[in-house]
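> My structure is stored as upload.cif, with mmCIF, C-alpha atoms.
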data_entry
#
loop_
_atom_site.label_atom_id
_atom_site.label_comp_id
_atom_site.auth_asym_id
_atom_site.auth_seq_id
_atom_site.Cartn_x
_atom_site.Cartn_y
_atom_site.Cartn_z
CA MET A 1 13.14 -8.94 6.95
CA ASP A 2 10.58 -11.74 7.28
CA LYS A 3 9.65 -10.74 10.85
CA PHE A 4 9.06 -7.14 9.79
CA TYR A 5 6.90 -8.23 6.86
CA CYS A 6 4.89 -10.59 9.11
CA ARG A 7 4.28 -7.87 11.72
CA GLU A 8 3.27 -5.36 9.08
CA SER A 9 0.85 -7.77 7.42
CA ASN A 10 -0.68 -8.60 10.83
CA ARG A 11 -1.21 -4.89 11.50
CA ILE A 12 -2.85 -4.39 8.12
CA PHE A 13 -5.03 -7.46 8.68
CA MET A 14 -6.11 -6.23 12.15
CA LYS A 15 -6.91 -2.76 10.77
CA TYR A 16 -8.97 -4.38 8.02
CA ILE A 17 -10.93 -6.52 10.53
CA LEU A 18 -11.48 -3.49 12.77
CA PHE A 19 -12.73 -1.46 9.79
CA ILE A 20 -15.19 -4.23 8.85
CA LEU A 21 -16.49 -4.48 12.44
CA ILE A 22 -17.00 -0.72 12.77
CA SER A 23 -18.69 -0.52 9.36
CA THR A 24 -21.01 -3.42 10.16
CA PHE A 25 -21.94 -1.92 13.54
CA SER A 26 -22.71 1.50 12.05
CA VAL A 27 -24.84 -0.02 9.29
CA PHE A 28 -26.90 -2.10 11.72
CA SER A 29 -27.28 0.71 14.24
CA GLY A 30 -28.48 2.93 11.39
CA PHE A 31 -31.17 0.39 10.51
CA CYS A 32 -32.41 0.27 14.09
CA GLU A 33 -32.70 4.04 14.42
CA ALA A 34 -34.15 4.62 10.95
CA SER A 35 -37.51 3.03 11.79
CA MET A 36 -38.60 5.62 14.36
CA PRO A 37 -39.34 9.30 13.62
CA PRO A 38 -37.35 12.07 15.36
CA ALA A 39 -37.54 11.94 19.16
CA CYS A 40 -39.66 14.23 21.33
CA ASN A 41 -36.74 16.48 22.24
CA SER A 42 -35.02 16.54 18.83
CA GLU A 43 -34.16 19.76 17.05
CA GLU A 44 -36.44 18.92 14.10
CA THR A 45 -39.43 18.31 16.37
CA GLU A 46 -38.81 21.54 18.28
CA LYS A 47 -38.80 23.53 15.02
CA VAL A 48 -42.21 22.12 14.09
CA LEU A 49 -43.53 22.75 17.63
CA ARG A 50 -42.27 26.33 17.49
CA PHE A 51 -44.21 26.85 14.25
CA LEU A 52 -47.37 25.28 15.71
CA THR A 53 -47.22 27.31 18.93
CA ARG A 54 -46.85 30.53 16.97
CA LYS A 55 -49.86 29.53 14.90
CA TYR A 56 -52.20 28.34 17.68
CA ILE A 57 -51.00 29.85 20.98
CA ASP A 58 -49.21 33.13 20.22
CA PRO A 59 -50.23 34.09 16.66
CA PHE A 60 -49.42 37.78 17.05
CA LEU A 61 -45.95 37.09 18.48
CA VAL A 62 -46.57 39.27 21.51
CA GLY A 63 -44.98 36.77 23.89
CA ARG A 64 -41.32 37.11 24.84
CA ASN A 65 -38.79 34.61 26.14
CA ARG A 66 -40.55 31.68 24.45
CA HIS A 67 -39.15 28.26 25.27
CA PHE A 68 -40.05 24.63 25.85
CA SER A 69 -39.39 23.04 29.20
CA GLY A 70 -39.61 19.54 30.64
CA THR A 71 -40.09 17.64 27.38
CA GLN A 72 -40.98 13.99 28.11
CA THR A 73 -41.56 10.90 26.03
CA LEU A 74 -44.82 9.42 27.32
CA SER A 75 -44.71 6.37 25.05
CA ALA A 76 -42.75 5.00 22.11
CA ASN A 77 -44.66 2.56 19.91
CA LYS A 78 -42.31 0.70 17.56
CA GLU A 79 -45.14 -1.10 15.76
CA THR A 80 -46.83 2.11 14.60
CA GLU A 81 -43.50 4.01 14.62
CA GLU A 82 -44.69 6.93 16.71
CA TYR A 83 -43.93 8.82 19.90
CA GLN A 84 -46.43 10.31 22.35
CA CYS A 85 -44.86 13.34 24.05
CA ARG A 86 -45.53 16.13 26.54
CA THR A 87 -43.83 19.49 26.93
CA ARG A 88 -44.48 22.82 28.61
CA TYR A 89 -44.44 25.93 26.41
CA MET A 90 -43.57 29.03 28.43
CA TYR A 91 -43.50 32.71 27.48
CA SER A 92 -44.09 36.09 29.06
CA ILE A 93 -46.46 38.94 28.21
CA ASP A 94 -46.40 42.30 29.98
CA MET A 95 -44.39 41.13 32.99
CA SER A 96 -46.54 38.03 33.57
CA SER A 97 -45.57 34.52 32.60
CA LYS A 98 -47.82 32.13 30.71
CA SER A 99 -47.46 28.40 30.23
CA HIS A 100 -49.27 25.70 28.31
CA VAL A 101 -48.86 21.95 28.58
CA ILE A 102 -48.84 20.45 25.10
CA ILE A 103 -49.37 16.75 24.42
CA TYR A 104 -48.43 15.71 20.91
CA THR A 105 -47.73 12.70 18.70
CA ILE A 106 -44.84 12.33 16.24
CA TYR A 107 -45.19 9.87 13.36
CA TRP A 108 -43.91 9.31 9.84
CA SER A 109 -45.93 10.94 7.08
CA ASP A 110 -43.53 9.51 4.45
CA PRO A 111 -40.80 7.27 5.89
CA ALA A 112 -39.08 6.81 2.53
CA LYS A 113 -38.50 10.57 2.29
CA LYS A 114 -37.89 10.89 6.06
CA GLN A 115 -40.86 13.27 6.39
CA PHE A 116 -42.62 13.26 9.74
CA SER A 117 -45.70 14.93 11.21
CA VAL A 118 -46.45 16.38 14.61
CA GLU A 119 -50.08 16.15 15.71
CA LEU A 120 -51.22 18.30 18.63
CA ASN A 121 -53.45 16.16 20.87
CA SER A 122 -54.16 18.73 23.56
CA ILE A 123 -53.10 22.18 24.73
CA SER A 124 -53.97 23.08 28.30
CA ASN A 125 -53.76 26.60 29.65
CA ASN A 126 -51.79 26.75 32.92
CA ASN A 127 -51.43 30.47 33.58
#
Could you render the structure from this file as structure tokens?


Amino acid sequence: MDKFYCRESNRIFMKYILFILISTFSVFSGFCEASMPPACNSEETEKVLRFLTRKYIDPFLVGRNRHFSGTQTLSANKETEEYQCRTRYMYSIDMSSKSHVIIYTIYWSDPAKKQFSVELNSISNNN
């Protein structure tokens, strides 16, 4: 009976230690990631880019097959908590394809509320 009790208490103790280690790791990894805004290729950033491209590039929604291609992180500045990014926006109009290279910056507008901004730095026309 004593051996069984000892083994069971060791298992419980090991599960408790493992739980503490996993919890500590997830808390600290959350702190590290929380300082930077969403990445260049994140879903949130792509939604904002889609809105901006409809507003500035294809306002009448005549383009078809719209998509982003080759998204790159040009720089990540941890001091200012921002990313500099580049992507290619591609779409087709009347059987011809159009593309624009967009360079943009992502930064926190309100880090406490997790609100970020996307600033378009340049849009080049590569038809």

> I need the output of the PyMOL selection byres ((chain A and resi 105) around 10) for this file as a PyMOL selection string; which residues are they?

chain A and resi 40+73-76+82-86+103-104+106-107+117-121

> Give as a list in words the residues that the PyMOL selection byres ((chain A and resi 42) around 12) matches when applied to the coordinates above.

Pro37, Pro38, Ala39, Cys40, Asn41, Glu43, Glu44, Thr45, Glu46, Lys47, Val48, Leu49, Phe68, Thr71, Gln72, Thr73, Tyr83, Cys85 and Ile106 of chain A

> I need the residues from that last selection saved to file as a compact mmCIF listing (two decimals), keeping the file's coordinate frame (with C-alpha atoms), if you can.


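Written out: again26.txt:
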# COMPACT_ATOMS: atom_id res chain seq x y z
CA PRO A 37 -39.34 9.30 13.62
CA PRO A 38 -37.35 12.07 15.36
CA ALA A 39 -37.54 11.94 19.16
CA CYS A 40 -39.66 14.23 21.33
CA ASN A 41 -36.74 16.48 22.24
CA GLU A 43 -34.16 19.76 17.05
CA GLU A 44 -36.44 18.92 14.10
CA THR A 45 -39.43 18.31 16.37
CA GLU A 46 -38.81 21.54 18.28
CA LYS A 47 -38.80 23.53 15.02
CA VAL A 48 -42.21 22.12 14.09
CA LEU A 49 -43.53 22.75 17.63
CA PHE A 68 -40.05 24.63 25.85
CA THR A 71 -40.09 17.64 27.38
CA GLN A 72 -40.98 13.99 28.11
CA THR A 73 -41.56 10.90 26.03
CA TYR A 83 -43.93 8.82 19.90
CA CYS A 85 -44.86 13.34 24.05
CA ILE A 106 -44.84 12.33 16.24

> What is the distance, in Å and to one decimal place, between atom CA of Phe116 of chain A and atom CA of Gly70 of chain A?

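Result for atom CA of Phe116 of chain A versus atom CA of Gly70 of chain A: 22.0 Å, one decimal.
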
> How would you write, as a ChimeraX atom specification, the residues chosen by the PyMOL selection byres ((chain A and resi 93-100) around 12) on this structure?

/A:53,56-58,60-70,86-92,101-103,122-127

> Limited to C-alpha atoms, could you put the picked residues into a file as a PDB file, keeping the file's coordinate frame?


ATOM      1  CA  THR A  53     -47.220  27.310  18.930  1.00  0.00           C
ATOM      2  CA  TYR A  56     -52.200  28.340  17.680  1.00  0.00           C
ATOM      3  CA  ILE A  57     -51.000  29.850  20.980  1.00  0.00           C
ATOM      4  CA  ASP A  58     -49.210  33.130  20.220  1.00  0.00           C
ATOM      5  CA  PHE A  60     -49.420  37.780  17.050  1.00  0.00           C
ATOM      6  CA  LEU A  61     -45.950  37.090  18.480  1.00  0.00           C
ATOM      7  CA  VAL A  62     -46.570  39.270  21.510  1.00  0.00           C
ATOM      8  CA  GLY A  63     -44.980  36.770  23.890  1.00  0.00           C
ATOM      9  CA  ARG A  64     -41.320  37.110  24.840  1.00  0.00           C
ATOM     10  CA  ASN A  65     -38.790  34.610  26.140  1.00  0.00           C
ATOM     11  CA  ARG A  66     -40.550  31.680  24.450  1.00  0.00           C
ATOM     12  CA  HIS A  67     -39.150  28.260  25.270  1.00  0.00           C
ATOM     13  CA  PHE A  68     -40.050  24.630  25.850  1.00  0.00           C
ATOM     14  CA  SER A  69     -39.390  23.040  29.200  1.00  0.00           C
ATOM     15  CA  GLY A  70     -39.610  19.540  30.640  1.00  0.00           C
ATOM     16  CA  ARG A  86     -45.530  16.130  26.540  1.00  0.00           C
ATOM     17  CA  THR A  87     -43.830  19.490  26.930  1.00  0.00           C
ATOM     18  CA  ARG A  88     -44.480  22.820  28.610  1.00  0.00           C
ATOM     19  CA  TYR A  89     -44.440  25.930  26.410  1.00  0.00           C
ATOM     20  CA  MET A  90     -43.570  29.030  28.430  1.00  0.00           C
ATOM     21  CA  TYR A  91     -43.500  32.710  27.480  1.00  0.00           C
ATOM     22  CA  SER A  92     -44.090  36.090  29.060  1.00  0.00           C
ATOM     23  CA  VAL A 101     -48.860  21.950  28.580  1.00  0.00           C
ATOM     24  CA  ILE A 102     -48.840  20.450  25.100  1.00  0.00           C
ATOM     25  CA  ILE A 103     -49.370  16.750  24.420  1.00  0.00           C
ATOM     26  CA  SER A 122     -54.160  18.730  23.560  1.00  0.00           C
ATOM     27  CA  ILE A 123     -53.100  22.180  24.730  1.00  0.00           C
ATOM     28  CA  SER A 124     -53.970  23.080  28.300  1.00  0.00           C
ATOM     29  CA  ASN A 125     -53.760  26.600  29.650  1.00  0.00           C
ATOM     30  CA  ASN A 126     -51.790  26.750  32.920  1.00  0.00           C
ATOM     31  CA  ASN A 127     -51.430  30.470  33.580  1.00  0.00           C
TER      32      ASN A 127
END

> Please write a file for segment 54-83 of chain A, taken from the block I just shared, that holds N, CA and C atoms and is laid out as a PDB file, in the first residue's frame.


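And here's out33.pdb as it stands now:
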ATOM      1  N   ARG A  54      -8.601  48.280 -52.273  1.00  0.00           N
ATOM      2  CA  ARG A  54      -9.897  48.596 -52.890  1.00  0.00           C
ATOM      3  C   ARG A  54     -10.129  50.097 -52.910  1.00  0.00           C
ATOM      4  N   LYS A  55      -9.615  50.782 -51.918  1.00  0.00           N
ATOM      5  CA  LYS A  55      -9.814  52.229 -51.846  1.00  0.00           C
ATOM      6  C   LYS A  55      -8.901  52.990 -52.803  1.00  0.00           C
ATOM      7  N   TYR A  56      -7.639  52.586 -52.927  1.00  0.00           N
ATOM      8  CA  TYR A  56      -6.662  53.364 -53.684  1.00  0.00           C
ATOM      9  C   TYR A  56      -6.281  52.775 -55.040  1.00  0.00           C
ATOM     10  N   ILE A  57      -6.383  51.483 -55.226  1.00  0.00           N
ATOM     11  CA  ILE A  57      -5.950  50.876 -56.488  1.00  0.00           C
ATOM     12  C   ILE A  57      -7.133  50.488 -57.370  1.00  0.00           C
ATOM     13  N   ASP A  58      -8.118  49.837 -56.810  1.00  0.00           N
ATOM     14  CA  ASP A  58      -9.260  49.321 -57.579  1.00  0.00           C
ATOM     15  C   ASP A  58     -10.561  49.775 -56.919  1.00  0.00           C
ATOM     16  N   PRO A  59     -10.840  51.089 -56.924  1.00  0.00           N
ATOM     17  CA  PRO A  59     -12.001  51.591 -56.181  1.00  0.00           C
ATOM     18  C   PRO A  59     -13.353  51.166 -56.751  1.00  0.00           C
ATOM     19  N   PHE A  60     -13.404  50.837 -58.026  1.00  0.00           N
ATOM     20  CA  PHE A  60     -14.673  50.454 -58.634  1.00  0.00           C
ATOM     21  C   PHE A  60     -14.868  48.942 -58.673  1.00  0.00           C
ATOM     22  N   LEU A  61     -13.941  48.208 -58.058  1.00  0.00           N
ATOM     23  CA  LEU A  61     -14.008  46.749 -57.972  1.00  0.00           C
ATOM     24  C   LEU A  61     -14.185  46.091 -59.326  1.00  0.00           C
ATOM     25  N   VAL A  62     -13.484  46.595 -60.324  1.00  0.00           N
ATOM     26  CA  VAL A  62     -13.571  45.996 -61.655  1.00  0.00           C
ATOM     27  C   VAL A  62     -12.577  44.847 -61.802  1.00  0.00           C
ATOM     28  N   GLY A  63     -11.555  44.828 -60.976  1.00  0.00           N
ATOM     29  CA  GLY A  63     -10.554  43.767 -61.056  1.00  0.00           C
ATOM     30  C   GLY A  63     -11.086  42.440 -60.536  1.00  0.00           C
ATOM     31  N   ARG A  64     -10.625  41.363 -61.123  1.00  0.00           N
ATOM     32  CA  ARG A  64     -11.003  40.014 -60.701  1.00  0.00           C
ATOM     33  C   ARG A  64      -9.751  39.278 -60.242  1.00  0.00           C
ATOM     34  N   ASN A  65      -9.969  38.183 -59.546  1.00  0.00           N
ATOM     35  CA  ASN A  65      -8.873  37.337 -59.066  1.00  0.00           C
ATOM     36  C   ASN A  65      -7.839  38.143 -58.272  1.00  0.00           C
ATOM     37  N   ARG A  66      -8.293  38.977 -57.371  1.00  0.00           N
ATOM     38  CA  ARG A  66      -7.389  39.812 -56.568  1.00  0.00           C
ATOM     39  C   ARG A  66      -6.688  38.956 -55.524  1.00  0.00           C
ATOM     40  N   HIS A  67      -5.375  39.119 -55.416  1.00  0.00           N
ATOM     41  CA  HIS A  67      -4.634  38.422 -54.369  1.00  0.00           C
ATOM     42  C   HIS A  67      -3.277  39.081 -54.139  1.00  0.00           C
ATOM     43  N   PHE A  68      -2.704  38.778 -52.981  1.00  0.00           N
ATOM     44  CA  PHE A  68      -1.370  39.254 -52.633  1.00  0.00           C
ATOM     45  C   PHE A  68      -0.391  38.114 -52.846  1.00  0.00           C
ATOM     46  N   SER A  69       0.794  38.462 -53.299  1.00  0.00           N
ATOM     47  CA  SER A  69       1.791  37.441 -53.591  1.00  0.00           C
ATOM     48  C   SER A  69       3.168  37.917 -53.136  1.00  0.00           C
ATOM     49  N   GLY A  70       3.968  37.003 -52.638  1.00  0.00           N
ATOM     50  CA  GLY A  70       5.351  37.308 -52.291  1.00  0.00           C
ATOM     51  C   GLY A  70       5.522  38.310 -51.156  1.00  0.00           C
ATOM     52  N   THR A  71       4.696  38.221 -50.140  1.00  0.00           N
ATOM     53  CA  THR A  71       4.799  39.148 -49.011  1.00  0.00           C
ATOM     54  C   THR A  71       6.116  38.912 -48.269  1.00  0.00           C
ATOM     55  N   GLN A  72       6.852  39.991 -48.032  1.00  0.00           N
ATOM     56  CA  GLN A  72       8.160  39.914 -47.360  1.00  0.00           C
ATOM     57  C   GLN A  72       8.227  40.912 -46.220  1.00  0.00           C
ATOM     58  N   THR A  73       8.940  40.533 -45.175  1.00  0.00           N
ATOM     59  CA  THR A  73       9.261  41.465 -44.103  1.00  0.00           C
ATOM     60  C   THR A  73      10.613  42.078 -44.436  1.00  0.00           C
ATOM     61  N   LEU A  74      10.637  43.369 -44.722  1.00  0.00           N
ATOM     62  CA  LEU A  74      11.889  44.049 -45.058  1.00  0.00           C
ATOM     63  C   LEU A  74      12.697  44.355 -43.815  1.00  0.00           C
ATOM     64  N   SER A  75      12.004  44.772 -42.734  1.00  0.00           N
ATOM     65  CA  SER A  75      12.692  45.026 -41.471  1.00  0.00           C
ATOM     66  C   SER A  75      11.701  44.904 -40.327  1.00  0.00           C
ATOM     67  N   ALA A  76      12.220  44.547 -39.168  1.00  0.00           N
ATOM     68  CA  ALA A  76      11.425  44.474 -37.942  1.00  0.00           C
ATOM     69  C   ALA A  76      12.178  45.261 -36.879  1.00  0.00           C
ATOM     70  N   ASN A  77      11.615  46.372 -36.467  1.00  0.00           N
ATOM     71  CA  ASN A  77      12.256  47.237 -35.485  1.00  0.00           C
ATOM     72  C   ASN A  77      11.557  47.052 -34.144  1.00  0.00           C
ATOM     73  N   LYS A  78      12.242  46.399 -33.196  1.00  0.00           N
ATOM     74  CA  LYS A  78      11.633  46.125 -31.898  1.00  0.00           C
ATOM     75  C   LYS A  78      11.584  47.358 -31.011  1.00  0.00           C
ATOM     76  N   GLU A  79      12.457  48.321 -31.242  1.00  0.00           N
ATOM     77  CA  GLU A  79      12.442  49.541 -30.431  1.00  0.00           C
ATOM     78  C   GLU A  79      11.198  50.381 -30.717  1.00  0.00           C
ATOM     79  N   THR A  80      10.882  50.561 -31.990  1.00  0.00           N
ATOM     80  CA  THR A  80       9.693  51.339 -32.359  1.00  0.00           C
ATOM     81  C   THR A  80       8.466  50.458 -32.549  1.00  0.00           C
ATOM     82  N   GLU A  81       8.648  49.143 -32.401  1.00  0.00           N
ATOM     83  CA  GLU A  81       7.576  48.157 -32.529  1.00  0.00           C
ATOM     84  C   GLU A  81       6.842  48.293 -33.863  1.00  0.00           C
ATOM     85  N   GLU A  82       7.599  48.143 -34.956  1.00  0.00           N
ATOM     86  CA  GLU A  82       6.989  48.239 -36.276  1.00  0.00           C
ATOM     87  C   GLU A  82       7.683  47.319 -37.261  1.00  0.00           C
ATOM     88  N   TYR A  83       6.929  46.972 -38.297  1.00  0.00           N
ATOM     89  CA  TYR A  83       7.442  46.172 -39.409  1.00  0.00           C
ATOM     90  C   TYR A  83       7.420  47.021 -40.675  1.00  0.00           C
TER      91      TYR A  83
END
